[in-house]
Amino acid sequence: MVRSILAFSHALDWLARRGAGFCLALMLFFMAVQVVARYAFNEPPSWTEEMARFMMVWVGLLGATLSFKSKADPILFHDPAEHKAFPWRLLTGIVRGVAVVLFVVPVIYFSIYGPGMDMSRGFIARQAGLSADSLGFPMSWVVISVPIWGSIILVHLAARACEIKLNK
């Protein structure tokens, strides 16, 4: 079970890395089209700015999962001299894990459910009723990145717990 969680975490990290790179390339492409159209033709299309913004949201959230996986994320406190003592590492790991869960789980929950566990009042469902200004597709395509981000973070958190268990 421990090895499968670690493997799943690595697979998600691989996918998130590729997805973030793809979205970053698209964002840069849309920005380049915007700049060239603005200064060379004096007629920038409005959709390029909107697509660049949406790609930036995806890059930011996928990048946050990459940062969390590689332990380059901001942490509550540092282990003094990267303490090798297992009880201290376990305690700090538990505190960090609880903090992550207390932040991420409500974000995922309210992305899907609204008051009274009504999915039609959740964040994603409310955004599905809105459309992108220039492109017309549902905004839920953009905001679905939020629960995806949170779910990947929780898998990486479980993998961190498995790593602590393996490194006792």
# chains A, B, ... in the order shown; residues from 1 in each chain; ligands from 1

$ closest_atom_pairs --of "segment 128-157 of chain A" --to "segment 89-109 of chain A" --cutoff "12 Å" --atoms "only C-alpha atoms" --output "JSON lines"
{"residue": "A:Val143", "atom": "CA", "partner": "A:Ile108", "partner_atom": "CA", "distance": 11.2}
{"residue": "A:Ile144", "atom": "CA", "partner": "A:Ile108", "partner_atom": "CA", "distance": 10.0}
{"residue": "A:Ser145", "atom": "CA", "partner": "A:Ile108", "partner_atom": "CA", "distance": 10.3}
{"residue": "A:Val146", "atom": "CA", "partner": "A:Ile108", "partner_atom": "CA", "distance": 7.2}
{"residue": "A:Pro147", "atom": "CA", "partner": "A:Ile108", "partner_atom": "CA", "distance": 4.9}
{"residue": "A:Ile148", "atom": "CA", "partner": "A:Ile108", "partner_atom": "CA", "distance": 8.3}
{"residue": "A:Trp149", "atom": "CA", "partner": "A:Ile108", "partner_atom": "CA", "distance": 8.8}
{"residue": "A:Gly150", "atom": "CA", "partner": "A:Val104", "partner_atom": "CA", "distance": 5.6}
{"residue": "A:Ser151", "atom": "CA", "partner": "A:Ile108", "partner_atom": "CA", "distance": 7.5}
{"residue": "A:Ile152", "atom": "CA", "partner": "A:Val104", "partner_atom": "CA", "distance": 10.2}
{"residue": "A:Ile153", "atom": "CA", "partner": "A:Val104", "partner_atom": "CA", "distance": 7.9}
{"residue": "A:Leu154", "atom": "CA", "partner": "A:Val101", "partner_atom": "CA", "distance": 7.4}
{"residue": "A:Val155", "atom": "CA", "partner": "A:Val101", "partner_atom": "CA", "distance": 11.0}
{"residue": "A:His156", "atom": "CA", "partner": "A:Gly97", "partner_atom": "CA", "distance": 10.4}
{"residue": "A:Leu157", "atom": "CA", "partner": "A:Gly97", "partner_atom": "CA", "distance": 6.7}

$ write_last_selection --atoms "N, CA and C atoms" --output "tab-separated table (two decimals), in the first residue's frame"
chain	number	residue	atom	x	y	z
A	143	VAL	N	-11.97	26.81	-13.29
A	143	VAL	CA	-11.97	26.64	-11.83
A	143	VAL	C	-11.90	25.18	-11.40
A	144	ILE	N	-12.05	24.25	-12.32
A	144	ILE	CA	-11.87	22.84	-11.97
A	144	ILE	C	-10.43	22.60	-11.52
A	145	SER	N	-9.55	23.53	-11.85
A	145	SER	CA	-8.15	23.41	-11.44
A	145	SER	C	-8.01	23.47	-9.91
A	146	VAL	N	-8.93	24.09	-9.23
A	146	VAL	CA	-8.83	24.22	-7.77
A	146	VAL	C	-8.98	22.87	-7.07
A	147	PRO	N	-10.05	22.09	-7.29
A	147	PRO	CA	-10.10	20.78	-6.62
A	147	PRO	C	-9.05	19.80	-7.14
A	148	ILE	N	-8.64	19.96	-8.40
A	148	ILE	CA	-7.55	19.11	-8.91
A	148	ILE	C	-6.29	19.41	-8.13
A	149	TRP	N	-5.97	20.69	-7.95
A	149	TRP	CA	-4.81	21.11	-7.16
A	149	TRP	C	-4.89	20.52	-5.75
A	150	GLY	N	-6.02	20.68	-5.10
A	150	GLY	CA	-6.16	20.19	-3.73
A	150	GLY	C	-6.03	18.68	-3.63
A	151	SER	N	-6.59	17.97	-4.58
A	151	SER	CA	-6.51	16.51	-4.55
A	151	SER	C	-5.07	16.03	-4.74
A	152	ILE	N	-4.35	16.67	-5.64
A	152	ILE	CA	-2.95	16.30	-5.85
A	152	ILE	C	-2.13	16.59	-4.60
A	153	ILE	N	-2.39	17.72	-3.96
A	153	ILE	CA	-1.68	18.06	-2.72
A	153	ILE	C	-1.95	16.99	-1.65
A	154	LEU	N	-3.19	16.54	-1.53
A	154	LEU	CA	-3.50	15.52	-0.52
A	154	LEU	C	-2.80	14.19	-0.82
A	155	VAL	N	-2.70	13.83	-2.09
A	155	VAL	CA	-1.97	12.61	-2.45
A	155	VAL	C	-0.48	12.76	-2.08
A	156	HIS	N	0.08	13.93	-2.39
A	156	HIS	CA	1.49	14.17	-2.04
A	156	HIS	C	1.69	14.17	-0.52
A	157	LEU	N	0.71	14.67	0.21
A	157	LEU	CA	0.78	14.64	1.67
A	157	LEU	C	0.79	13.20	2.18

$ residues_around --residues "Gly21 of chain A" --least-positions-apart "4" --cutoff "10 Å" --atoms "only C-alpha atoms" --output "list in words"
Leu15, Ala16, Arg17, Ala25, Leu26, Met27, Val59, Leu62 and Gly63 of chain A

$ select_by_dssp --residues "segment 9-165 of chain A" --states "helix (DSSP H, G or I)" --output "PyMOL selection string"
chain A and resi 9-40+46-69+86-112+115-117+119-121+123-128+140-143+145-165

$ write_last_selection --atoms "C-alpha atoms" --output "tab-separated table (two decimals), in the first residue's frame"
chain	number	residue	atom	x	y	z
A	9	SER	CA	2.24	10.49	-6.07
A	10	HIS	CA	5.17	10.26	-8.47
A	11	ALA	CA	2.82	9.64	-11.41
A	12	LEU	CA	0.69	12.66	-10.48
A	13	ASP	CA	3.84	14.76	-10.13
A	14	TRP	CA	4.95	13.65	-13.60
A	15	LEU	CA	1.54	14.56	-15.07
A	16	ALA	CA	1.40	17.89	-13.21
A	17	ARG	CA	4.91	18.77	-14.41
A	18	ARG	CA	3.96	18.06	-18.03
A	19	GLY	CA	0.65	19.88	-17.65
A	20	ALA	CA	2.27	22.93	-16.07
A	21	GLY	CA	4.91	23.03	-18.81
A	22	PHE	CA	2.25	22.77	-21.50
A	23	CYS	CA	0.12	25.49	-19.92
A	24	LEU	CA	3.18	27.72	-19.50
A	25	ALA	CA	4.08	27.26	-23.18
A	26	LEU	CA	0.49	28.10	-24.17
A	27	MET	CA	0.47	31.14	-21.89
A	28	LEU	CA	3.69	32.44	-23.45
A	29	PHE	CA	2.34	31.75	-26.94
A	30	PHE	CA	-0.89	33.65	-26.26
A	31	MET	CA	1.07	36.55	-24.76
A	32	ALA	CA	3.37	36.66	-27.80
A	33	VAL	CA	0.39	36.68	-30.16
A	34	GLN	CA	-1.12	39.51	-28.09
A	35	VAL	CA	2.07	41.59	-28.22
A	36	VAL	CA	2.66	41.04	-31.95
A	37	ALA	CA	-0.97	41.78	-32.80
A	38	ARG	CA	-0.95	44.90	-30.65
A	39	TYR	CA	2.29	46.48	-31.86
A	40	ALA	CA	2.58	45.13	-35.40
A	46	SER	CA	-9.20	40.03	-26.82
A	47	TRP	CA	-9.24	36.24	-26.49
A	48	THR	CA	-5.44	35.95	-26.25
A	49	GLU	CA	-5.32	37.92	-23.01
A	50	GLU	CA	-8.11	35.83	-21.56
A	51	MET	CA	-6.49	32.53	-22.54
A	52	ALA	CA	-3.13	33.67	-21.13
A	53	ARG	CA	-4.87	34.48	-17.85
A	54	PHE	CA	-6.56	31.09	-17.70
A	55	MET	CA	-3.30	29.32	-18.48
A	56	MET	CA	-1.65	31.32	-15.70
A	57	VAL	CA	-4.22	29.97	-13.22
A	58	TRP	CA	-3.50	26.40	-14.28
A	59	VAL	CA	0.29	26.94	-14.25
A	60	GLY	CA	0.13	28.50	-10.78
A	61	LEU	CA	-1.93	25.73	-9.22
A	62	LEU	CA	-0.07	22.88	-10.92
A	63	GLY	CA	3.19	24.60	-9.99
A	64	ALA	CA	2.07	24.69	-6.36
A	65	THR	CA	1.67	20.91	-6.41
A	66	LEU	CA	5.17	20.56	-7.87
A	67	SER	CA	6.54	22.79	-5.14
A	68	PHE	CA	4.75	20.80	-2.45
A	69	LYS	CA	6.00	17.50	-3.83
A	86	PHE	CA	12.44	10.27	14.44
A	87	PRO	CA	10.04	11.56	17.15
A	88	TRP	CA	10.80	15.19	16.26
A	89	ARG	CA	10.40	14.53	12.54
A	90	LEU	CA	7.16	12.69	13.21
A	91	LEU	CA	5.79	15.54	15.34
A	92	THR	CA	6.68	18.24	12.81
A	93	GLY	CA	5.30	16.08	10.01
A	94	ILE	CA	2.01	15.68	11.86
A	95	VAL	CA	1.71	19.43	12.54
A	96	ARG	CA	2.47	20.25	8.90
A	97	GLY	CA	0.08	17.58	7.67
A	98	VAL	CA	-2.76	18.81	9.88
A	99	ALA	CA	-2.20	22.37	8.66
A	100	VAL	CA	-2.35	21.24	5.03
A	101	VAL	CA	-5.48	19.17	5.61
A	102	LEU	CA	-7.20	22.03	7.48
A	103	PHE	CA	-6.59	24.30	4.50
A	104	VAL	CA	-7.04	21.98	1.53
A	105	VAL	CA	-10.02	19.83	2.52
A	106	PRO	CA	-12.47	22.75	2.94
A	107	VAL	CA	-11.27	24.22	-0.38
A	108	ILE	CA	-12.00	20.94	-2.16
A	109	TYR	CA	-15.28	20.48	-0.31
A	110	PHE	CA	-16.65	23.93	-1.15
A	111	SER	CA	-15.43	23.62	-4.73
A	112	ILE	CA	-17.79	20.69	-5.12
A	115	PRO	CA	-24.55	24.92	1.59
A	116	GLY	CA	-26.56	21.85	2.55
A	117	MET	CA	-24.25	19.59	0.52
A	119	MET	CA	-23.64	20.31	-5.60
A	120	SER	CA	-25.56	22.85	-7.65
A	121	ARG	CA	-24.44	25.55	-5.20
A	123	PHE	CA	-18.07	26.78	-6.60
A	124	ILE	CA	-17.64	24.75	-9.79
A	125	ALA	CA	-21.38	24.53	-10.47
A	126	ARG	CA	-21.81	28.26	-9.92
A	127	GLN	CA	-19.00	28.95	-12.38
A	128	ALA	CA	-20.54	26.59	-14.94
A	140	SER	CA	-15.94	25.73	-14.73
A	141	TRP	CA	-13.20	24.60	-17.15
A	142	VAL	CA	-10.88	27.07	-15.45
A	143	VAL	CA	-11.97	26.64	-11.83
A	145	SER	CA	-8.15	23.41	-11.44
A	146	VAL	CA	-8.83	24.22	-7.77
A	147	PRO	CA	-10.10	20.78	-6.62
A	148	ILE	CA	-7.55	19.11	-8.91
A	149	TRP	CA	-4.81	21.11	-7.16
A	150	GLY	CA	-6.16	20.19	-3.73
A	151	SER	CA	-6.51	16.51	-4.55
A	152	ILE	CA	-2.95	16.30	-5.85
A	153	ILE	CA	-1.68	18.06	-2.72
A	154	LEU	CA	-3.50	15.52	-0.52
A	155	VAL	CA	-1.97	12.61	-2.45
A	156	HIS	CA	1.49	14.17	-2.04
A	157	LEU	CA	0.78	14.64	1.67
A	158	ALA	CA	-0.07	10.96	1.99
A	159	ALA	CA	3.18	10.17	0.16
A	160	ARG	CA	5.10	12.33	2.65
A	161	ALA	CA	3.55	10.34	5.47
A	162	CYS	CA	4.58	7.12	3.75
A	163	GLU	CA	8.13	8.43	3.33
A	164	ILE	CA	8.33	9.18	7.06
A	165	LYS	CA	7.10	5.67	7.75

$ atom_distance --atom1 "atom CA of Ser134 of chain A" --atom2 "atom CA of Glu43 of chain A"
15.0 Å

$ atom_distance --atom1 "atom CA of Tyr113 of chain A" --atom2 "atom CA of Met139 of chain A"
16.7 Å

$ atom_distance --atom1 "atom CA of Ile5 of chain A" --atom2 "atom CA of Gly122 of chain A"
28.8 Å
